[in-house]
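Everything below belongs to coords-v2.cif, which stores mmCIF, C-alpha atoms and all ligand atoms.
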data_coords
loop_
_atom_site.label_atom_id
_atom_site.label_comp_id
_atom_site.auth_asym_id
_atom_site.auth_seq_id
_atom_site.Cartn_x
_atom_site.Cartn_y
_atom_site.Cartn_z
CA MET D 1 -3.89 -14.82 -7.14
CA ALA D 2 -4.01 -18.57 -7.34
CA SER D 3 -2.39 -19.75 -10.49
CA LYS D 4 -4.32 -22.11 -12.70
CA HIS D 5 -2.94 -25.61 -12.74
CA ASN D 6 -2.51 -27.15 -16.09
CA ASN D 7 -2.90 -30.89 -15.95
CA SER D 8 -2.51 -31.71 -19.60
CA ILE D 9 0.60 -33.64 -20.59
CA LEU D 10 1.69 -30.86 -22.90
CA GLY D 11 1.18 -28.41 -20.04
CA ARG D 12 3.40 -30.53 -17.83
CA ILE D 13 6.14 -30.72 -20.41
CA VAL D 14 6.03 -26.96 -20.94
CA LEU D 15 6.10 -26.43 -17.18
CA ALA D 16 9.10 -28.75 -16.83
CA ILE D 17 10.96 -26.75 -19.47
CA LEU D 18 10.06 -23.50 -17.75
CA ILE D 19 11.26 -24.77 -14.39
CA ALA D 20 14.45 -26.11 -15.96
CA SER D 21 15.14 -22.76 -17.58
CA PHE D 22 14.55 -21.06 -14.24
CA PHE D 23 17.55 -22.86 -12.84
CA THR D 24 19.74 -22.16 -15.84
CA PRO D 25 22.64 -20.32 -14.24
CA ASN D 26 23.48 -17.69 -16.86
CA LEU D 27 20.17 -15.85 -16.81
CA THR D 28 19.39 -12.93 -14.53
CA TYR D 29 16.40 -13.27 -12.24
CA ALA D 30 14.51 -10.75 -14.36
CA GLU D 31 15.14 -12.81 -17.48
CA LYS D 32 14.08 -15.99 -15.70
CA SER D 33 10.93 -14.25 -14.51
CA LYS D 34 10.10 -13.28 -18.08
CA ILE D 35 10.41 -16.90 -19.16
CA MET D 36 8.25 -18.00 -16.23
CA GLY D 37 5.60 -15.66 -17.57
CA PHE D 38 5.55 -13.00 -14.91
CA GLU D 39 6.92 -9.56 -15.11
CA MET D 40 8.08 -7.61 -12.08
CA ASN D 41 7.22 -3.97 -11.56
CA ALA D 42 9.80 -1.24 -10.96
CA ILE D 43 9.69 -1.56 -7.15
CA ASP D 44 9.83 -5.36 -6.95
CA LYS D 45 12.55 -5.64 -9.58
CA CYS D 46 14.80 -3.63 -7.30
CA TRP D 47 14.96 -6.26 -4.51
CA ARG D 48 13.03 -9.44 -5.32
CA SER D 49 15.70 -10.47 -7.79
CA ASP D 50 18.23 -10.78 -4.96
CA PRO D 51 18.51 -14.43 -3.77
CA GLU D 52 20.16 -13.08 -0.59
CA TRP D 53 17.17 -10.86 0.21
CA ARG D 54 17.00 -12.20 3.78
CA LYS D 55 20.53 -11.02 4.49
CA ASN D 56 20.03 -7.74 2.67
CA ARG D 57 16.64 -6.72 4.04
CA PRO D 58 17.45 -3.00 4.48
CA GLN D 59 18.16 -2.76 0.74
CA LEU D 60 14.36 -2.61 0.37
CA ALA D 61 14.50 1.01 1.56
CA THR D 62 16.24 2.02 -1.68
CA CYS D 63 13.42 0.57 -3.82
CA SER D 64 10.53 2.95 -3.15
CA VAL D 65 9.32 5.42 -5.77
CA GLY D 66 6.53 8.00 -5.85
CA TYR D 67 6.03 10.81 -3.35
CA ALA D 68 7.60 8.92 -0.41
CA GLY D 69 10.87 9.00 -2.35
CA LYS D 70 13.70 6.68 -1.34
CA MET D 71 13.48 5.58 2.29
CA THR D 72 17.22 5.79 2.86
CA ASN D 73 16.76 7.71 6.15
CA ASN D 74 15.56 4.37 7.56
CA ILE D 75 18.86 2.54 7.00
CA GLY D 76 22.59 2.99 7.43
CA GLU D 77 24.57 3.95 10.47
CA GLY D 78 22.93 3.32 13.83
CA LEU D 79 20.23 0.99 12.46
CA ILE D 80 18.84 -1.24 15.19
CA HIS D 81 17.70 -4.72 14.10
CA TYR D 82 14.80 -5.88 16.25
CA LYS D 83 12.99 -9.21 16.07
CA VAL D 84 9.44 -9.72 17.31
CA ILE D 85 9.33 -13.02 19.22
CA ASP D 86 6.21 -12.43 21.34
CA PRO D 87 2.77 -11.76 19.82
CA SER D 88 1.31 -10.42 23.09
CA ASP D 89 0.55 -6.73 23.58
CA ASP D 90 0.38 -4.16 26.36
CA ALA D 91 -0.45 -0.57 25.43
CA ILE D 92 1.41 1.03 28.36
CA ASN D 93 4.13 -1.41 29.48
CA PRO D 94 4.98 -3.48 26.40
CA LYS D 95 7.44 -6.32 26.99
CA PRO D 96 10.73 -6.43 25.08
CA GLY D 97 10.20 -8.83 22.17
CA THR D 98 6.72 -7.54 21.35
CA LEU D 99 5.83 -5.49 18.30
CA ARG D 100 4.84 -2.45 20.36
CA TYR D 101 8.18 -2.40 22.18
CA GLY D 102 10.05 -2.26 18.86
CA ALA D 103 7.69 0.12 17.08
CA SER D 104 6.86 2.63 19.84
CA VAL D 105 9.40 2.35 22.69
CA ILE D 106 12.67 2.05 20.78
CA GLN D 107 13.60 5.38 19.20
CA GLY D 108 15.81 5.99 16.19
CA LYS D 109 16.24 3.79 13.14
CA VAL D 110 14.67 0.40 13.83
CA TRP D 111 14.23 -2.45 11.36
CA ILE D 112 11.59 -4.82 12.75
CA THR D 113 11.33 -8.43 11.57
CA PHE D 114 9.46 -11.45 12.93
CA GLU D 115 10.71 -14.75 14.32
CA ARG D 116 7.88 -16.84 12.88
CA ASP D 117 4.28 -16.72 11.66
CA MET D 118 2.32 -14.58 14.05
CA LEU D 119 -1.20 -13.34 14.72
CA ILE D 120 -1.06 -10.17 16.77
CA GLN D 121 -4.16 -8.80 18.42
CA LEU D 122 -3.35 -5.27 19.55
CA VAL D 123 -5.14 -4.01 22.66
CA LYS D 124 -4.92 -0.36 21.50
CA PRO D 125 -3.81 1.33 18.26
CA LEU D 126 -0.07 0.93 17.66
CA LEU D 127 1.59 4.35 17.29
CA ILE D 128 4.66 3.81 15.12
CA SER D 129 7.79 5.92 15.77
CA SER D 130 9.65 7.86 13.10
CA PHE D 131 12.41 5.94 11.24
CA THR D 132 10.73 2.57 11.93
CA THR D 133 10.37 -0.22 9.36
CA ILE D 134 7.96 -3.10 9.96
CA ASP D 135 9.11 -5.89 7.64
CA GLY D 136 6.91 -9.00 7.61
CA ARG D 137 8.68 -10.67 4.70
CA GLY D 138 9.21 -14.39 5.07
CA PHE D 139 6.42 -15.06 7.55
CA ASP D 140 2.66 -14.88 7.71
CA VAL D 141 2.30 -11.88 10.02
CA GLN D 142 -1.23 -10.69 10.73
CA ILE D 143 -2.48 -7.82 12.81
CA ALA D 144 -6.15 -8.49 13.29
CA ASN D 145 -9.38 -8.64 15.25
CA ASN D 146 -9.04 -5.48 17.34
CA ALA D 147 -6.90 -2.29 17.21
CA CYS D 148 -4.59 -1.72 14.25
CA LEU D 149 -1.87 0.66 13.03
CA MET D 150 -1.62 4.42 13.37
CA ILE D 151 1.06 6.85 12.26
CA PHE D 152 0.60 9.95 14.36
CA LYS D 153 2.90 12.97 13.91
CA ALA D 154 5.73 10.79 12.63
CA THR D 155 7.86 10.53 9.49
CA ASN D 156 10.05 8.02 7.61
CA ILE D 157 8.07 4.83 8.15
CA ILE D 158 7.85 1.66 6.03
CA ILE D 159 5.10 -0.93 6.46
CA HIS D 160 5.81 -4.05 4.40
CA SER D 161 4.24 -7.51 3.94
CA ILE D 162 1.74 -7.43 6.80
CA GLY D 163 -1.82 -8.76 6.71
CA ILE D 164 -4.17 -6.35 8.49
CA HIS D 165 -7.83 -7.19 8.86
CA HIS D 166 -10.95 -7.06 11.03
CA CYS D 167 -9.79 -3.83 12.70
CA LYS D 168 -12.23 -2.40 15.23
CA SER D 169 -12.84 1.12 16.58
CA GLN D 170 -11.22 1.90 19.92
CA ALA D 171 -12.48 3.83 22.93
CA PRO D 172 -10.24 6.62 24.27
CA GLY D 173 -7.34 5.39 26.39
CA ILE D 174 -3.66 5.63 27.21
CA VAL D 175 -0.95 4.27 24.92
CA ILE D 176 2.79 4.60 24.32
CA GLY D 177 3.14 7.44 21.81
CA PRO D 178 5.54 7.60 18.87
CA ASN D 179 8.13 9.32 21.11
CA GLY D 180 8.16 6.36 23.53
CA LYS D 181 6.19 8.22 26.22
CA VAL D 182 2.66 7.39 27.33
CA MET D 183 -0.03 9.70 26.01
CA PRO D 184 -3.80 9.92 26.02
CA LEU D 185 -5.41 8.91 22.74
CA GLY D 186 -8.97 9.84 21.84
CA GLN D 187 -11.51 7.59 20.16
CA VAL D 188 -10.04 5.96 17.03
CA ASP D 189 -12.06 4.59 14.10
CA GLY D 190 -11.54 1.01 13.00
CA ASP D 191 -9.07 1.53 10.14
CA ALA D 192 -6.28 -0.85 9.16
CA ILE D 193 -3.73 1.95 8.80
CA ARG D 194 -4.47 5.54 9.77
CA LEU D 195 -2.08 8.42 9.04
CA VAL D 196 -2.50 11.62 11.06
CA SER D 197 -0.06 14.49 10.36
CA ALA D 198 2.42 11.98 8.95
CA SER D 199 4.93 12.40 6.14
CA LYS D 200 7.33 10.33 4.04
CA ILE D 201 5.49 7.05 4.50
CA TRP D 202 5.78 3.95 2.29
CA ILE D 203 3.10 1.26 2.52
CA ASP D 204 4.03 -1.70 0.29
CA HIS D 205 2.86 -5.31 -0.24
CA ASN D 206 0.27 -5.47 2.55
CA THR D 207 -3.08 -7.27 2.38
CA LEU D 208 -5.87 -5.22 3.92
CA SER D 209 -9.50 -6.26 4.36
CA ASN D 210 -12.68 -6.39 6.43
CA CYS D 211 -12.28 -3.41 8.76
CA GLU D 212 -15.00 -1.52 10.61
CA ASP D 213 -14.22 1.88 9.10
CA GLY D 214 -11.73 2.04 6.22
CA LEU D 215 -8.54 0.31 5.18
CA LEU D 216 -6.24 3.28 4.76
CA ASP D 217 -6.79 6.90 5.80
CA VAL D 218 -4.34 9.69 5.02
CA THR D 219 -5.44 12.69 7.08
CA ARG D 220 -4.65 15.97 8.83
CA GLY D 221 -1.84 17.39 6.78
CA SER D 222 -0.21 14.06 5.95
CA THR D 223 1.85 14.14 2.76
CA ASP D 224 4.62 12.46 0.73
CA VAL D 225 3.03 9.03 0.84
CA THR D 226 3.45 6.07 -1.52
CA ILE D 227 0.87 3.30 -1.39
CA SER D 228 2.13 0.47 -3.59
CA ASN D 229 1.68 -3.25 -4.26
CA ASN D 230 -1.10 -3.64 -1.69
CA TRP D 231 -4.14 -5.86 -2.03
CA PHE D 232 -7.37 -4.26 -0.81
CA LYS D 233 -10.42 -6.50 -0.62
CA PHE D 234 -13.78 -7.04 1.11
CA GLN D 235 -14.34 -3.49 2.25
CA ASP D 236 -16.93 -0.73 2.00
CA LYS D 237 -14.70 2.37 2.37
CA VAL D 238 -11.27 1.53 1.06
CA MET D 239 -8.97 4.57 0.97
CA LEU D 240 -9.49 8.13 2.16
CA LEU D 241 -7.04 10.86 1.18
CA GLY D 242 -7.78 14.13 2.98
CA HIS D 243 -9.32 14.57 6.38
CA ASP D 244 -12.58 16.44 5.83
CA ASP D 245 -13.90 19.17 3.57
CA GLY D 246 -12.92 21.92 6.05
CA TYR D 247 -9.32 20.80 6.57
CA VAL D 248 -7.52 23.03 4.05
CA ARG D 249 -4.02 22.03 5.19
CA ASP D 250 -4.57 18.93 3.10
CA GLN D 251 -4.15 21.13 0.01
CA ASN D 252 -0.45 20.25 0.25
CA MET D 253 -1.11 16.51 0.35
CA LYS D 254 0.68 14.48 -2.31
CA VAL D 255 0.07 10.75 -2.59
CA THR D 256 1.16 8.12 -5.13
CA VAL D 257 -1.10 5.07 -5.52
CA LEU D 258 0.76 2.49 -7.59
CA TYR D 259 0.55 -1.24 -8.52
CA ASN D 260 -2.28 -1.95 -6.08
CA HIS D 261 -5.02 -4.53 -6.54
CA PHE D 262 -8.54 -3.42 -5.54
CA GLY D 263 -11.17 -6.13 -5.15
CA PRO D 264 -12.99 -8.36 -5.00
CA ASN D 265 -15.82 -6.79 -3.04
CA CYS D 266 -14.62 -3.23 -2.64
CA ASN D 267 -17.48 -0.73 -2.62
CA GLN D 268 -16.08 2.82 -2.81
CA ARG D 269 -13.10 5.17 -2.15
CA MET D 270 -10.25 3.75 -4.19
CA PRO D 271 -9.47 6.51 -3.30
CA ARG D 272 -11.81 9.28 -2.22
CA ILE D 273 -9.74 12.45 -2.24
CA ARG D 274 -10.13 15.94 -0.76
CA HIS D 275 -8.03 19.05 -1.43
CA GLY D 276 -4.64 17.56 -2.39
CA TYR D 277 -3.13 15.75 -5.34
CA ALA D 278 -2.99 12.04 -6.10
CA HIS D 279 -1.17 10.22 -8.89
CA VAL D 280 -2.99 6.93 -9.34
CA ALA D 281 -1.05 4.73 -11.75
CA ASN D 282 -0.87 1.10 -12.90
CA ASN D 283 -3.49 -0.19 -10.46
CA PHE D 284 -5.84 -3.10 -11.09
CA TYR D 285 -9.50 -2.43 -10.25
CA LEU D 286 -11.58 -5.56 -10.09
CA GLY D 287 -15.08 -4.06 -9.84
CA TRP D 288 -16.70 -1.65 -7.39
CA LEU D 289 -20.23 -1.02 -6.20
CA GLN D 290 -20.76 2.74 -5.76
CA TYR D 291 -17.62 4.08 -7.43
CA ALA D 292 -13.86 3.60 -7.63
CA ILE D 293 -12.48 7.16 -7.58
CA GLY D 294 -14.28 10.06 -5.95
CA GLY D 295 -13.72 13.44 -4.37
CA SER D 296 -14.78 16.81 -3.07
CA THR D 297 -13.28 20.25 -2.27
CA GLU D 298 -11.19 20.67 -5.41
CA PRO D 299 -8.80 17.75 -5.25
CA SER D 300 -6.80 16.91 -8.31
CA LEU D 301 -6.18 13.44 -9.51
CA LYS D 302 -4.22 11.99 -12.40
CA SER D 303 -5.41 8.51 -13.23
CA GLU D 304 -2.77 6.99 -15.48
CA ALA D 305 -2.55 3.59 -17.15
CA ASN D 306 -4.81 1.76 -14.71
CA LEU D 307 -6.92 -1.24 -15.64
CA PHE D 308 -10.56 -0.77 -14.65
CA VAL D 309 -12.79 -3.83 -14.91
CA ALA D 310 -16.40 -2.77 -14.26
CA PRO D 311 -18.69 -5.02 -12.24
CA THR D 312 -20.86 -7.32 -14.33
CA SER D 313 -24.07 -5.74 -13.10
CA GLY D 314 -24.59 -2.31 -11.56
CA ARG D 315 -22.75 0.97 -11.94
CA LYS D 316 -20.13 1.04 -14.66
CA GLU D 317 -18.99 4.61 -14.01
CA ILE D 318 -15.68 4.85 -12.17
CA THR D 319 -15.89 8.37 -10.78
CA TRP D 320 -18.06 10.18 -8.27
CA ARG D 321 -18.16 13.86 -7.23
CA LYS D 322 -19.82 15.14 -4.12
CA ASP D 323 -22.01 17.74 -5.83
CA ASN D 324 -22.30 16.78 -9.45
CA ASN D 325 -20.05 15.85 -12.26
CA GLN D 326 -19.57 19.36 -13.64
CA ASN D 327 -18.89 21.31 -10.48
CA ARG D 328 -15.23 22.24 -9.93
CA ASN D 329 -15.74 21.50 -6.25
CA GLY D 330 -15.67 17.88 -7.34
CA GLY D 331 -12.11 18.61 -8.44
CA GLU D 332 -10.12 17.75 -11.51
CA PHE D 333 -10.10 14.11 -12.50
CA HIS D 334 -8.02 13.29 -15.54
CA SER D 335 -7.64 9.91 -17.17
CA ILE D 336 -4.59 9.17 -19.31
CA ASN D 337 -3.96 5.83 -21.02
CA ASP D 338 -6.34 3.94 -18.71
CA ILE D 339 -7.90 0.73 -20.01
CA PHE D 340 -11.61 0.15 -19.48
CA GLU D 341 -13.09 -3.33 -19.53
CA ASN D 342 -16.58 -4.73 -19.11
CA GLY D 343 -18.20 -1.39 -19.98
CA ALA D 344 -16.29 0.76 -17.44
CA SER D 345 -16.50 4.52 -18.04
CA PHE D 346 -14.60 7.49 -16.63
CA ILE D 347 -16.19 10.96 -16.64
CA ALA D 348 -13.12 13.17 -16.81
CA THR D 349 -13.13 16.89 -16.01
CA LYS D 350 -13.73 18.93 -19.14
CA GLY D 351 -10.98 21.41 -19.83
CA GLY D 352 -8.47 22.22 -17.16
CA LYS D 353 -4.90 21.04 -17.21
CA VAL D 354 -3.61 17.65 -16.18
CA ARG D 355 -1.26 18.48 -13.33
CA LYS D 356 2.03 16.65 -13.62
CA PRO D 357 3.35 14.95 -10.49
CA ASN D 358 6.70 16.83 -10.86
CA TYR D 359 8.57 13.94 -9.27
CA THR D 360 12.17 14.43 -8.20
CA LYS D 361 14.93 12.05 -9.28
CA GLU D 362 14.34 10.00 -6.10
CA GLN D 363 10.60 9.73 -6.72
CA VAL D 364 10.29 9.25 -10.45
CA PHE D 365 9.27 5.98 -12.14
CA ILE D 366 8.23 4.95 -15.61
CA VAL D 367 4.50 4.33 -15.82
CA ALA D 368 3.96 1.03 -17.63
CA ASP D 369 1.45 0.32 -20.38
CA ALA D 370 -1.95 -0.46 -18.84
CA LYS D 371 -1.92 -3.73 -20.82
CA SER D 372 0.70 -5.10 -18.40
CA VAL D 373 -1.14 -4.06 -15.21
CA ARG D 374 -2.58 -7.55 -14.62
CA SER D 375 0.88 -8.98 -14.65
CA LEU D 376 2.55 -6.13 -12.72
CA THR D 377 0.03 -6.43 -9.88
CA ARG D 378 -0.06 -10.25 -9.79
CA ALA D 379 2.14 -10.37 -6.67
CA SER D 380 0.25 -7.62 -4.84
CA GLY D 381 -0.44 -8.06 -1.13
CA VAL D 382 1.66 -10.08 1.30
CA LEU D 383 4.32 -12.07 -0.54
CA ARG D 384 4.89 -15.74 0.09
CA CYS D 385 8.66 -15.89 0.25
CA GLY D 386 10.90 -18.90 -0.14
CA LYS D 387 14.49 -19.22 1.03
CA THR D 388 15.96 -17.48 -1.96
CA ILE D 389 12.96 -16.21 -3.89
CA CYS D 390 10.52 -13.77 -2.40
C1 LIG D 401 3.83 20.73 -11.26
O1 LIG D 401 4.33 21.97 -11.76
C2 LIG D 401 3.40 22.73 -12.53
C3 LIG D 401 4.14 23.92 -13.09
O2 LIG D 401 4.74 24.65 -12.05
C4 LIG D 401 2.21 23.10 -11.68
O3 LIG D 401 1.26 23.81 -12.43
C5 LIG D 401 1.55 21.84 -11.13
O4 LIG D 401 0.49 22.14 -10.28
C6 LIG D 401 2.62 21.02 -10.38
N1 LIG D 401 2.00 19.77 -9.93
C7 LIG D 401 1.78 19.49 -8.65
C8 LIG D 401 1.21 18.15 -8.33
O5 LIG D 401 2.01 20.26 -7.74
#

Representation of the structure as C-alpha cells:
Amino acid sequence: MASKHNNSILGRIVLAILIASFFTPNLTYAEKSKIMGFEMNAIDKCWRSDPEWRKNRPQLATCSVGYAGKMTNNIGEGLIHYKVIDPSDDAINPKPGTLRYGASVIQGKVWITFERDMLIQLVKPLLISSFTTIDGRGFDVQIANNACLMIFKATNIIIHSIGIHHCKSQAPGIVIGPNGKVMPLGQVDGDAIRLVSASKIWIDHNTLSNCEDGLLDVTRGSTDVTISNNWFKFQDKVMLLGHDDGYVRDQNMKVTVLYNHFGPNCNQRMPRIRHGYAHVANNFYLGWLQYAIGGSTEPSLKSEANLFVAPTSGRKEITWRKDNNQNRNGGEFHSINDIFENGASFIATKGGKVRKPNYTKEQVFIVADAKSVRSLTRASGVLRCGKTIC
C-alpha cells in the first residue's frame, strides 16, 4: 500500500496543489479525499472524516455494517475506558494495565486503547469478554509470536487496528475466561483470531499474517459477524467459516466479508465455508494458489462486486468444491458484478437462486461498483493515524 512517489517537476506542482486544496477550509473531508485521489468506503467515511477522532473513539461503534449490525451495545452509559500501559502477560493473574486484565478480567462495556506502540506476546490465548472493544488506532500495536486472540462464548466484541501475526498453537492450560474466572482450555490451533460460539462480532482494519494454522476461524455456531477492511497476507489457510462438515448448527451462520485485501501470498480459504451463508462483497483478491473461495456441506455464498486478480502462473479458477463442481454438496456459489482480471474465472452454481442477505436497517450498505474496489480497499489493514487524520 505504498504510494508511488512522483519526482517529476509537474508531479510536484500537482502534488502541491493537491495538498493546498486539502487544507482549504470550506471542503468536507470527503470532498478533500476525492481531490487527493482516494475514496473512502461506507465504514471509513463514517468516522475517518472526523478530525477529533481521538476524542470521539466510541463513535466507531456506530459505523459497522453487515451481519454484525451497529455495535452500539458496546458504548454509552457505563462504558469503562481502559488503557493498556504494560505489554507483559500472565494467563491466570494478569496485572492491571495489561491487555488481558482489560479484555478478560474487567466485565461490562470496556473500551481498550493503548498508551504507545506495543508488541504483546501472549503466553496463552486471550479470551475476550462480551462488550469489549480493542481499539489499536493511533499506535502500532502487534500481538505476535505466540498465542493470539479467541472469542469463546461471547458477544458484542470489536477488534480494530491490531497487527496479529506468527501465532502458534497452544498446549492445554488454564486461563482467565471471558467471564473473568479461571477456566481450563484445551489445545488451541495457531490462528490469529478464533471465534467459538460467538455472535455479533466486528473485526475491522486489522493486518493478519504468517500464522501456524489460519488467520480467522468462525466456528461452532458463531454468527452475525462482519469482517471488514482487513489485510490478509502470507498465509496458507486464510479464513474458515463453519467448524466441520458434521457441525450442522453452523447452518445458521451469517457472515459479511467486506472491503478486505487478500494477498500477496495467500494460498486458499478466502473464505472456505461450510453450512451457513456468506455475503462476500467489494474485496480485493491479489492472487491465490489453490483457490480463493471454496466450500462443502451446502453452504451458500453471494460473491458481489469483488475484484479478482488471478495469479500470473498457475490456477486461474477462483472456486473450489470438496466433491466436484456440480455436486450440490459443494453448495451454491453465485457471482454478481465481480470483475475478473488476469484470466480469473468463477465457476458459479448452475440454476438455483441467489440468496439475498436480507439485511436489516442497521446492517444494510450499498455495494459499490467493483471498479472502485482497488481504491475502497487501499487503506485496508492497520491504519497509520496522524493527530487529526486517521
Ligand atoms: C432471505 O429471504 C428469502 C425469502 O424469505 C430466503 O429465501 C433467503 O434464504 C433469505 N436469505 C438468507 C441469507 O437467509

Give me, as an mmCIF file with C-alpha atoms, in the frame of the given file, all polymer residues having an atom no more than 6 Å from Val141 in chain D, counting all atoms listed in the file and skipping those fewer than 2 positions away in the same chain.
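Dumped to out_22.cif:
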data_model
loop_
_atom_site.group_PDB
_atom_site.id
_atom_site.type_symbol
_atom_site.label_atom_id
_atom_site.label_comp_id
_atom_site.auth_asym_id
_atom_site.auth_seq_id
_atom_site.Cartn_x
_atom_site.Cartn_y
_atom_site.Cartn_z
ATOM 1 C CA ASP D 117 4.280 -16.720 11.660
ATOM 2 C CA MET D 118 2.320 -14.580 14.050
ATOM 3 C CA GLY D 136 6.910 -9.000 7.610
ATOM 4 C CA PHE D 139 6.420 -15.060 7.550
ATOM 5 C CA ILE D 162 1.740 -7.430 6.800
#

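Around ligand LIG 401 (chain D), the neighbouring residues within 8 Å, taking all atoms listed in the file, come to Lys254, Tyr277, Ala278, Arg355, Lys356, Pro357 and Asn358 of chain D.
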
### Task
Considering only C-alpha atoms, return as a list in words whatever protein or nucleic-acid residues lie within 12 Å of Asp244 in chain D, sequence-local ones (same chain, fewer than 4 positions apart) excluded.
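Close residues of Asp244 in chain D: Asp217, Val218, Thr219, Arg220, Gly221, Leu240, Val248, Arg249, Asp250, Gln251, Arg272, Ile273, Arg274, His275, Gly276, Gly295, Ser296, Thr297 and Pro299 of chain D.
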
### Shortest interatomic distance to Ile347 in chain D - which of D:Lys45, D:Lys361, D:Lys181, D:Lys316, counting only C-alpha atoms
D:Lys316

### Task
Check the smallest atom-to-atom distance from each of D:Ala192, D:Lys83, D:Arg57, D:Ala198 to Gln235 in chain D using all atoms listed in the file, then report the winner.
D:Ala192

### Message
Here is a test: counting all atoms listed in the file, which residue of D:Asn265, D:Asn146, D:Asn229, D:Ser197 is nearest to Gly242 in chain D?
### Response
D:Ser197

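For the pair CA of Lys353 in chain D and CA of Glu332 in chain D, the interatomic distance is 8.4 Å.
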
### Straight-line distance linking CA of Ile193 in chain D with CA of Ala310 in chain D, stated in Å to one decimal
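Value for the CA of Ile193 in chain D-CA of Ala310 in chain D distance: 26.7 Å.
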
#### Entry: Using all atoms listed in the file: which of D:Gln142, D:Ser88, D:Ser130, D:Thr312 has the shortest distance to Trp288 in chain D
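Between D:Gln142, D:Ser88, D:Ser130, D:Thr312, the residue approaching Trp288 in chain D most closely is D:Thr312.
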
### Query
With distances taken over only C-alpha atoms, which of D:Glu317, D:Asp245, D:Asp135, D:Asp338 is nearest to Glu298 in chain D?
D:Asp245
